[in-house]
$ cat final_3.cif   # mmCIF, C-alpha atoms
data_target
loop_
_atom_site.label_atom_id
_atom_site.label_comp_id
_atom_site.auth_asym_id
_atom_site.auth_seq_id
_atom_site.Cartn_x
_atom_site.Cartn_y
_atom_site.Cartn_z
CA MET A 1 -22.19 21.97 -8.53
CA GLU A 2 -21.25 18.45 -7.46
CA LEU A 3 -19.19 17.19 -4.54
CA ARG A 4 -16.86 15.27 -6.84
CA GLN A 5 -16.09 18.53 -8.64
CA LEU A 6 -15.20 20.14 -5.33
CA ARG A 7 -13.04 17.19 -4.31
CA CYS A 8 -11.10 17.40 -7.56
CA PHE A 9 -10.72 21.17 -7.25
CA VAL A 10 -9.41 20.97 -3.66
CA ALA A 11 -7.01 18.14 -4.51
CA VAL A 12 -5.51 20.11 -7.40
CA ALA A 13 -5.36 23.26 -5.26
CA GLU A 14 -3.43 21.38 -2.56
CA GLU A 15 -1.08 19.54 -4.92
CA LEU A 16 -0.81 22.24 -7.62
CA HIS A 17 -0.41 19.35 -10.02
CA PHE A 18 -3.19 17.48 -11.86
CA GLY A 19 -1.26 14.19 -11.97
CA ARG A 20 -0.57 14.10 -8.22
CA ALA A 21 -4.15 15.12 -7.49
CA ALA A 22 -5.39 12.24 -9.64
CA GLU A 23 -3.18 9.77 -7.74
CA LYS A 24 -4.47 11.12 -4.44
CA LEU A 25 -8.08 10.69 -5.56
CA LEU A 26 -7.51 7.26 -7.22
CA LEU A 27 -8.76 8.73 -10.51
CA GLY A 28 -7.30 9.21 -13.96
CA GLN A 29 -5.83 12.63 -14.70
CA PRO A 30 -8.28 13.31 -17.58
CA ALA A 31 -11.21 12.74 -15.21
CA VAL A 32 -9.83 15.22 -12.68
CA SER A 33 -9.21 17.83 -15.39
CA GLN A 34 -12.73 17.29 -16.74
CA GLN A 35 -14.35 17.77 -13.32
CA VAL A 36 -12.41 20.98 -12.68
CA ARG A 37 -13.34 22.34 -16.12
CA ARG A 38 -17.02 21.56 -15.46
CA LEU A 39 -16.82 23.41 -12.15
CA GLU A 40 -15.21 26.42 -13.81
CA ARG A 41 -17.90 26.49 -16.51
CA GLU A 42 -20.62 26.32 -13.88
CA LEU A 43 -19.03 29.10 -11.80
CA LYS A 44 -18.17 31.07 -14.97
CA VAL A 45 -14.67 31.77 -13.63
CA GLU A 46 -11.15 30.40 -14.08
CA LEU A 47 -9.96 28.76 -10.85
CA PHE A 48 -6.45 27.83 -12.02
CA ASP A 49 -3.75 29.51 -14.03
CA ARG A 50 -2.38 26.67 -16.15
CA SER A 51 0.85 26.52 -18.11
CA PRO A 52 3.13 23.67 -19.29
CA ARG A 53 5.44 24.47 -16.37
CA TYR A 54 3.09 25.11 -13.46
CA VAL A 55 -0.45 25.11 -12.08
CA ARG A 56 -1.47 27.78 -9.60
CA LEU A 57 -4.66 29.23 -8.17
CA THR A 58 -6.11 32.39 -9.62
CA PRO A 59 -7.34 35.03 -7.15
CA ALA A 60 -10.86 33.68 -7.68
CA GLY A 61 -9.58 30.15 -7.02
CA GLU A 62 -7.95 31.24 -3.76
CA ARG A 63 -11.21 32.79 -2.58
CA PHE A 64 -13.25 29.75 -3.60
CA LEU A 65 -10.88 27.23 -1.94
CA ALA A 66 -11.98 28.06 1.62
CA ALA A 67 -15.67 27.66 0.71
CA ALA A 68 -15.01 24.38 -1.07
CA ARG A 69 -13.14 23.02 1.95
CA ASP A 70 -16.02 24.01 4.24
CA VAL A 71 -18.45 22.04 2.07
CA LEU A 72 -16.21 18.97 2.04
CA THR A 73 -15.69 19.19 5.80
CA ALA A 74 -19.46 19.18 6.26
CA GLU A 75 -19.71 16.20 3.91
CA ASP A 76 -17.07 14.32 5.91
CA ALA A 77 -18.96 15.00 9.13
CA ALA A 78 -22.20 13.74 7.59
CA ARG A 79 -20.48 10.61 6.24
CA ALA A 80 -18.88 9.93 9.63
CA LEU A 81 -22.26 10.19 11.33
CA ALA A 82 -23.88 7.94 8.73
CA ALA A 83 -21.05 5.42 9.09
CA ASP A 84 -21.48 5.45 12.86
CA LEU A 85 -25.24 4.91 12.56
CA ALA A 86 -24.89 2.13 9.98
CA ALA A 87 -21.59 0.60 11.09
CA PRO A 88 -21.44 -3.18 10.99
CA ALA A 89 -20.92 -5.10 14.20
CA ALA A 90 -17.59 -6.39 12.88
CA LEU A 91 -15.04 -5.73 10.15
CA ARG A 92 -13.60 -9.02 8.89
CA LEU A 93 -10.17 -8.08 7.61
CA GLY A 94 -7.77 -10.38 5.79
CA THR A 95 -4.20 -9.62 6.79
CA VAL A 96 -0.68 -10.35 5.59
CA THR A 97 2.35 -11.12 7.71
CA GLY A 98 5.04 -8.57 8.46
CA LEU A 99 2.83 -5.50 8.92
CA GLY A 100 4.41 -4.90 12.33
CA GLU A 101 3.73 -1.53 13.92
CA ARG A 102 1.85 -0.41 10.81
CA LEU A 103 -1.03 -2.77 11.61
CA ASP A 104 -1.20 -1.46 15.19
CA LEU A 105 -1.46 2.11 13.92
CA ILE A 106 -4.11 1.20 11.35
CA LEU A 107 -6.25 -0.60 13.93
CA ASP A 108 -5.87 2.17 16.51
CA THR A 109 -6.85 4.82 13.95
CA TYR A 110 -9.77 2.82 12.61
CA GLN A 111 -11.19 1.99 16.03
CA ARG A 112 -10.97 5.62 17.15
CA ARG A 113 -13.19 6.51 14.20
CA ALA A 114 -15.49 3.48 14.50
CA PRO A 115 -15.38 2.57 18.20
CA GLY A 116 -18.42 0.31 17.97
CA VAL A 117 -16.93 -1.96 15.30
CA ARG A 118 -15.13 -5.14 16.33
CA VAL A 119 -12.22 -5.88 13.99
CA GLU A 120 -11.63 -9.57 13.23
CA LEU A 121 -8.24 -10.39 11.69
CA HIS A 122 -7.89 -13.40 9.38
CA SER A 123 -4.43 -14.43 8.16
CA THR A 124 -4.48 -16.87 5.22
CA PRO A 125 -2.50 -17.37 1.97
CA VAL A 126 -3.35 -14.88 -0.74
CA ARG A 127 -5.48 -17.21 -2.87
CA GLU A 128 -7.65 -18.22 0.06
CA ARG A 129 -7.80 -14.61 1.25
CA LEU A 130 -9.20 -13.47 -2.11
CA ALA A 131 -11.59 -16.40 -2.28
CA ARG A 132 -13.00 -15.56 1.14
CA LEU A 133 -13.34 -11.92 0.14
CA ALA A 134 -15.09 -12.79 -3.12
CA ASP A 135 -17.68 -15.03 -1.44
CA GLY A 136 -18.37 -12.64 1.43
CA ARG A 137 -16.53 -14.31 4.28
CA LEU A 138 -14.23 -11.26 4.48
CA ASP A 139 -15.14 -7.58 4.16
CA ALA A 140 -11.70 -6.38 3.02
CA ALA A 141 -8.20 -7.77 2.68
CA PHE A 142 -4.64 -6.58 2.38
CA VAL A 143 -2.94 -7.84 -0.79
CA ARG A 144 0.67 -7.39 -1.85
CA GLY A 145 1.68 -7.23 -5.49
CA ALA A 146 -0.39 -6.87 -8.65
CA VAL A 147 -3.15 -9.48 -8.58
CA ALA A 148 -4.81 -10.40 -11.88
CA GLU A 149 -6.64 -13.58 -10.91
CA ASN A 150 -9.99 -13.48 -9.10
CA SER A 151 -10.22 -9.77 -9.86
CA ALA A 152 -13.44 -9.69 -11.90
CA ASP A 153 -15.52 -9.17 -8.75
CA LEU A 154 -12.84 -7.37 -6.73
CA ARG A 155 -11.11 -4.02 -6.87
CA PHE A 156 -7.71 -3.18 -5.46
CA LEU A 157 -7.09 0.21 -3.83
CA PRO A 158 -3.36 1.07 -3.46
CA VAL A 159 -2.27 2.17 0.01
CA TRP A 160 1.54 1.91 0.27
CA GLN A 161 4.77 0.26 -0.96
CA ASP A 162 6.45 -2.46 1.12
CA GLU A 163 10.25 -2.51 0.94
CA LEU A 164 12.17 -5.79 1.15
CA VAL A 165 15.66 -6.19 2.60
CA ILE A 166 18.24 -8.96 2.24
CA ALA A 167 18.76 -11.35 5.18
CA LEU A 168 22.09 -13.22 5.26
CA PRO A 169 24.44 -14.67 7.91
CA ALA A 170 25.99 -11.98 10.09
CA ARG A 171 29.38 -13.70 9.71
CA HIS A 172 29.28 -13.53 5.89
CA ALA A 173 31.59 -11.00 4.21
CA LEU A 174 28.63 -9.24 2.56
CA ALA A 175 27.22 -8.42 6.01
CA ASP A 176 29.95 -5.77 6.31
CA HIS A 177 28.53 -3.90 3.31
CA PRO A 178 25.99 -1.08 3.90
CA GLU A 179 23.94 -2.47 0.99
CA VAL A 180 24.06 -5.61 -1.14
CA ASP A 181 24.03 -6.00 -4.91
CA LEU A 182 21.91 -9.01 -5.89
CA VAL A 183 24.58 -10.39 -8.21
CA GLU A 184 26.88 -10.75 -5.18
CA LEU A 185 24.45 -13.36 -3.85
CA ALA A 186 24.50 -15.55 -6.97
CA ALA A 187 26.65 -18.27 -5.35
CA LEU A 188 24.48 -18.53 -2.23
CA PRO A 189 21.31 -20.66 -2.07
CA LEU A 190 18.10 -18.62 -1.85
CA ARG A 191 15.31 -19.63 0.53
CA LEU A 192 11.81 -18.49 -0.34
CA THR A 193 8.28 -19.49 0.49
CA GLU A 194 6.54 -21.71 -2.05
CA ARG A 195 5.16 -19.69 -4.93
CA ARG A 196 1.58 -20.79 -4.29
CA ASN A 197 1.77 -19.09 -0.87
CA HIS A 198 2.94 -15.73 -2.22
CA PRO A 199 3.36 -15.57 -6.01
CA ALA A 200 3.94 -11.80 -6.09
CA LEU A 201 6.89 -12.02 -3.71
CA VAL A 202 8.51 -15.01 -5.40
CA ASP A 203 8.08 -13.50 -8.86
CA LEU A 204 9.53 -10.16 -7.70
CA VAL A 205 12.69 -11.76 -6.33
CA MET A 206 13.19 -14.19 -9.23
CA ASP A 207 12.67 -11.44 -11.80
CA ALA A 208 15.11 -9.15 -9.98
CA CYS A 209 17.75 -11.90 -9.95
CA ALA A 210 17.19 -12.49 -13.69
CA ARG A 211 17.68 -8.77 -14.38
CA ALA A 212 20.89 -8.93 -12.33
CA GLY A 213 22.10 -11.67 -14.68
CA PHE A 214 21.71 -14.91 -12.73
CA ARG A 215 19.25 -17.60 -11.79
CA PRO A 216 19.42 -18.26 -8.05
CA VAL A 217 20.12 -21.68 -6.61
CA LEU A 218 17.00 -22.43 -4.58
CA GLY A 219 17.39 -23.90 -1.12
CA PRO A 220 14.57 -25.60 0.81
CA ALA A 221 11.31 -23.66 0.87
CA HIS A 222 10.83 -22.10 4.27
CA SER A 223 7.80 -22.83 6.42
CA ASN A 224 8.00 -19.71 8.57
CA LEU A 225 10.31 -16.74 8.90
CA GLN A 226 11.65 -17.62 12.35
CA ASP A 227 12.83 -21.08 11.28
CA THR A 228 14.28 -19.76 8.03
CA LEU A 229 16.32 -17.09 9.80
CA ALA A 230 17.52 -19.62 12.37
CA SER A 231 18.72 -21.91 9.56
CA ILE A 232 20.45 -19.08 7.73
CA GLY A 233 22.18 -17.94 10.88
CA ALA A 234 23.36 -21.36 12.01
CA GLY A 235 23.98 -23.50 8.93
CA THR A 236 25.35 -23.28 5.41
CA PRO A 237 25.41 -19.66 4.18
CA MET A 238 22.11 -18.81 2.45
CA TRP A 239 19.98 -15.73 1.96
CA THR A 240 16.37 -14.66 1.80
CA VAL A 241 14.31 -11.49 1.62
CA VAL A 242 12.43 -10.00 4.56
CA TYR A 243 10.00 -7.11 4.76
CA ALA A 244 11.71 -4.14 6.36
CA ALA A 245 9.17 -4.01 9.20
CA ASN A 246 9.88 -7.63 10.08
CA ALA A 247 13.60 -6.89 10.04
CA ARG A 248 13.13 -3.98 12.44
CA MET A 249 11.22 -6.20 14.85
CA THR A 250 13.56 -9.21 14.62
CA ASN A 251 16.32 -9.62 17.20
CA ALA A 252 18.60 -12.24 15.64
CA HIS A 253 22.28 -11.58 16.26
CA ARG A 254 23.30 -14.29 13.76
CA ILE A 255 21.46 -12.48 10.93
CA ALA A 256 22.35 -9.27 9.10
CA PHE A 257 19.63 -7.30 7.30
CA ARG A 258 20.86 -5.15 4.44
CA PRO A 259 19.01 -3.09 1.82
CA CYS A 260 19.33 -4.15 -1.79
CA ARG A 261 21.28 -1.75 -4.01
CA THR A 262 18.44 -2.03 -6.52
CA PRO A 263 15.43 -1.51 -4.23
CA LEU A 264 12.92 -4.34 -3.96
CA ALA A 265 9.35 -3.39 -3.06
CA LEU A 266 5.81 -4.71 -3.44
CA PRO A 267 2.72 -2.50 -3.71
CA THR A 268 0.15 -3.16 -1.02
CA SER A 269 -3.56 -2.65 -1.69
CA ILE A 270 -6.85 -3.00 0.12
CA ALA A 271 -9.01 -5.46 -1.81
CA VAL A 272 -12.81 -5.14 -1.60
CA ARG A 273 -15.78 -6.49 -3.53
CA ARG A 274 -16.85 -4.21 -6.36
CA SER A 275 -20.43 -4.50 -5.13
CA ALA A 276 -19.54 -3.31 -1.60
CA PRO A 277 -19.34 0.31 -0.43
CA LEU A 278 -15.89 1.86 -0.43
CA PRO A 279 -14.29 1.25 3.03
CA ARG A 280 -13.46 4.92 3.54
CA LEU A 281 -12.58 4.71 7.24
CA LEU A 282 -10.22 1.79 6.64
CA LEU A 283 -8.58 3.53 3.67
CA GLU A 284 -8.09 6.71 5.68
CA ALA A 285 -6.54 4.70 8.52
CA CYS A 286 -4.12 3.04 6.09
CA ARG A 287 -3.13 6.31 4.47
CA GLN A 288 -2.36 7.97 7.79
CA THR A 289 0.52 5.54 8.24
CA PRO A 290 3.88 7.35 7.98
CA PRO A 291 5.33 6.76 4.48
CA ASN A 292 8.74 5.67 5.80
CA TRP A 293 7.31 2.54 7.43
CA ASP A 294 8.08 -0.31 4.99
CA ASP A 295 6.93 -3.82 5.73
CA GLN A 296 6.60 -7.37 4.38
CA ASP A 297 4.50 -10.47 3.71
CA SER A 298 5.63 -14.05 3.52
#
$ encode --input "final_3.cif" --output "structure tokens"
Amino acid sequence: MELRQLRCFVAVAEELHFGRAAEKLLLGQPAVSQQVRRLERELKVELFDRSPRYVRLTPAGERFLAAARDVLTAEDAARALAADLAAPAALRLGTVTGLGERLDLILDTYQRRAPGVRVELHSTPVRERLARLADGRLDAAFVRGAVAENSADLRFLPVWQDELVIALPARHALADHPEVDLVELAALPLRLTERRNHPALVDLVMDACARAGFRPVLGPAHSNLQDTLASIGAGTPMWTVVYAANARMTNAHRIAFRPCRTPLALPTSIAVRRSAPLPRLLLEACRQTPPNWDDQDS
């Protein structure tokens, strides 16, 4: 009997769905099914009643679940002790802008579990962030969007989705709408960061506009969010996109933040070197964040 078999069994027992269990474990569904089947063969008992419409525990599975959880709880305690004994002096973490209260919660949760570790935050553009991670100057980094380049030595562990909202002048007619359709913005200049600073964000917005049937008129690239919002609120009507967490924290009475009728969101991952141990405490801290907190990077 192996711990990975028990982890797969408990995940399926809690989700009652092999696909959701696989997502929870960051594994493929066939791998989860295979581990559960191996466990059943070893125990010589069926743990799940499977049908095309449902998955549920058998009586034997219900009895075994408590024992499996006890074993995994003991494993977690042993891992926590080992992590405490071998914890590095510092965690060098590459960050993105717009994390807002989410970052505070992650750091508080992480430092409760690893009180002896000093967390150093490094905010740089995504290319430099990944370069520093690859050569060992960072231990982990937040990354938004699907990243193909520089990925041979890195792996990306999904943690949440970041929603984007539309920012436009509060005096504009669209500000009276509860949500905005992208095509309604076609006549307004769009202000975005330069693509080299955040290719995933720029590509997401440009592709969404193309699907809506227009190519946006690009205004000046913005240097920082505060200046961009000030320009939008005071000058010629323009628009941009802002992570929802930034919008919640921004007090700008000249700006209206509205959700897009076709939701815009970027996946956020923790990037680590493939050769490094999995940052379990950091991942757990990220996944404890409430799912309705949606944020942004610029």
$ axis_aligned_box --input "final_3.cif" --around "range 251-254 of chain A" --padding-each-side "8 Å" --output "JSON"
{"center_x": 19.8, "center_y": -12.0, "center_z": 15.5, "size_x": 23.0, "size_y": 20.7, "size_z": 19.4}
$ resolve_selection --input "final_3.cif" --expression "the PyMOL selection byres ((chain A and resi 58) around 9)" --output "PyMOL selection string"
chain A and resi 46-49+56-57+59-63
$ closest_residue --input "final_3.cif" --among "A:Ile166, A:Val205, A:Leu27, A:Leu121" --to "Tyr243 in chain A" --atoms "all atoms listed in the file"
A:Ile166
$ resolve_selection --input "final_3.cif" --expression "the PyMOL selection byres ((chain A and resi 274) around 12)" --output "list in words"
Leu133, Ala134, Asp135, Gly136, Asp139, Ala140, Asn150, Ser151, Ala152, Asp153, Leu154, Arg155, Phe156, Leu157, Ile270, Ala271, Val272, Arg273, Ser275, Ala276, Pro277, Leu278 and Pro279 of chain A
$ atom_distance --input "final_3.cif" --atom1 "CA of Ser231 in chain A" --atom2 "CA of Gly219 in chain A"
10.9 Å
$ build_atoms --input "final_3.cif" --residues "range 195-206 of chain A" --atoms "all heavy atoms" --output "short mmCIF file (atom, residue, chain, number, x, y, z; two decimals), in the frame of the given file"
data_model
loop_
_atom_site.label_atom_id
_atom_site.label_comp_id
_atom_site.auth_asym_id
_atom_site.auth_seq_id
_atom_site.Cartn_x
_atom_site.Cartn_y
_atom_site.Cartn_z
N ARG A 195 5.81 -20.71 -4.13
CA ARG A 195 5.16 -19.69 -4.93
C ARG A 195 3.66 -19.64 -4.71
O ARG A 195 3.05 -18.56 -4.74
CB ARG A 195 5.46 -19.90 -6.42
CG ARG A 195 4.95 -18.75 -7.30
CD ARG A 195 5.25 -18.95 -8.77
NE ARG A 195 4.80 -17.79 -9.53
CZ ARG A 195 3.53 -17.62 -9.90
NH1 ARG A 195 2.61 -18.52 -9.61
NH2 ARG A 195 3.18 -16.52 -10.57
N ARG A 196 3.03 -20.78 -4.48
CA ARG A 196 1.58 -20.79 -4.29
C ARG A 196 1.16 -20.00 -3.05
O ARG A 196 0.03 -19.51 -2.95
CB ARG A 196 1.05 -22.23 -4.19
CG ARG A 196 1.61 -23.02 -3.01
CD ARG A 196 1.13 -24.47 -3.03
NE ARG A 196 1.77 -25.27 -1.99
CZ ARG A 196 1.34 -25.31 -0.73
NH1 ARG A 196 0.29 -24.61 -0.38
NH2 ARG A 196 1.97 -26.05 0.16
N ASN A 197 2.08 -19.85 -2.08
CA ASN A 197 1.77 -19.09 -0.87
C ASN A 197 1.84 -17.59 -1.12
O ASN A 197 1.10 -16.82 -0.52
CB ASN A 197 2.73 -19.46 0.25
CG ASN A 197 2.56 -20.88 0.72
OD1 ASN A 197 1.47 -21.44 0.63
ND2 ASN A 197 3.64 -21.48 1.21
N HIS A 198 2.76 -17.17 -1.98
CA HIS A 198 2.94 -15.73 -2.22
C HIS A 198 3.57 -15.53 -3.59
O HIS A 198 4.77 -15.21 -3.71
CB HIS A 198 3.82 -15.14 -1.12
CG HIS A 198 3.76 -13.63 -1.05
ND1 HIS A 198 3.19 -12.86 -2.03
CD2 HIS A 198 4.19 -12.76 -0.11
CE1 HIS A 198 3.28 -11.59 -1.70
NE2 HIS A 198 3.89 -11.50 -0.54
N PRO A 199 2.79 -15.68 -4.67
CA PRO A 199 3.36 -15.57 -6.01
C PRO A 199 3.98 -14.21 -6.30
O PRO A 199 4.99 -14.13 -7.00
CB PRO A 199 2.15 -15.85 -6.92
CG PRO A 199 0.95 -15.70 -6.07
CD PRO A 199 1.36 -16.05 -4.68
N ALA A 200 3.40 -13.13 -5.80
CA ALA A 200 3.94 -11.80 -6.09
C ALA A 200 5.35 -11.65 -5.53
O ALA A 200 6.24 -11.10 -6.21
CB ALA A 200 3.02 -10.72 -5.52
N LEU A 201 5.58 -12.13 -4.32
CA LEU A 201 6.89 -12.02 -3.71
C LEU A 201 7.92 -12.86 -4.45
O LEU A 201 9.02 -12.39 -4.78
CB LEU A 201 6.82 -12.44 -2.24
CG LEU A 201 8.16 -12.53 -1.50
CD1 LEU A 201 8.81 -11.16 -1.40
CD2 LEU A 201 7.98 -13.15 -0.13
N VAL A 202 7.57 -14.11 -4.72
CA VAL A 202 8.51 -15.01 -5.40
C VAL A 202 8.84 -14.47 -6.78
O VAL A 202 10.01 -14.44 -7.19
CB VAL A 202 7.92 -16.44 -5.47
CG1 VAL A 202 8.81 -17.35 -6.32
CG2 VAL A 202 7.76 -17.02 -4.06
N ASP A 203 7.84 -14.03 -7.52
CA ASP A 203 8.08 -13.50 -8.86
C ASP A 203 8.95 -12.24 -8.81
O ASP A 203 9.83 -12.05 -9.66
CB ASP A 203 6.76 -13.19 -9.55
CG ASP A 203 5.98 -14.45 -9.91
OD1 ASP A 203 6.56 -15.55 -9.83
OD2 ASP A 203 4.78 -14.33 -10.25
N LEU A 204 8.72 -11.38 -7.82
CA LEU A 204 9.53 -10.16 -7.70
C LEU A 204 11.00 -10.50 -7.52
O LEU A 204 11.87 -9.94 -8.19
CB LEU A 204 9.04 -9.34 -6.51
CG LEU A 204 9.87 -8.09 -6.18
CD1 LEU A 204 9.63 -7.00 -7.22
CD2 LEU A 204 9.56 -7.58 -4.78
N VAL A 205 11.30 -11.43 -6.62
CA VAL A 205 12.69 -11.76 -6.33
C VAL A 205 13.33 -12.48 -7.51
O VAL A 205 14.46 -12.16 -7.92
CB VAL A 205 12.79 -12.62 -5.05
CG1 VAL A 205 14.22 -13.05 -4.80
CG2 VAL A 205 12.25 -11.84 -3.85
N MET A 206 12.62 -13.45 -8.10
CA MET A 206 13.19 -14.19 -9.23
C MET A 206 13.43 -13.28 -10.42
O MET A 206 14.45 -13.39 -11.10
CB MET A 206 12.26 -15.35 -9.60
CG MET A 206 12.08 -16.40 -8.50
SD MET A 206 13.63 -17.19 -8.02
CE MET A 206 13.89 -18.26 -9.44
#
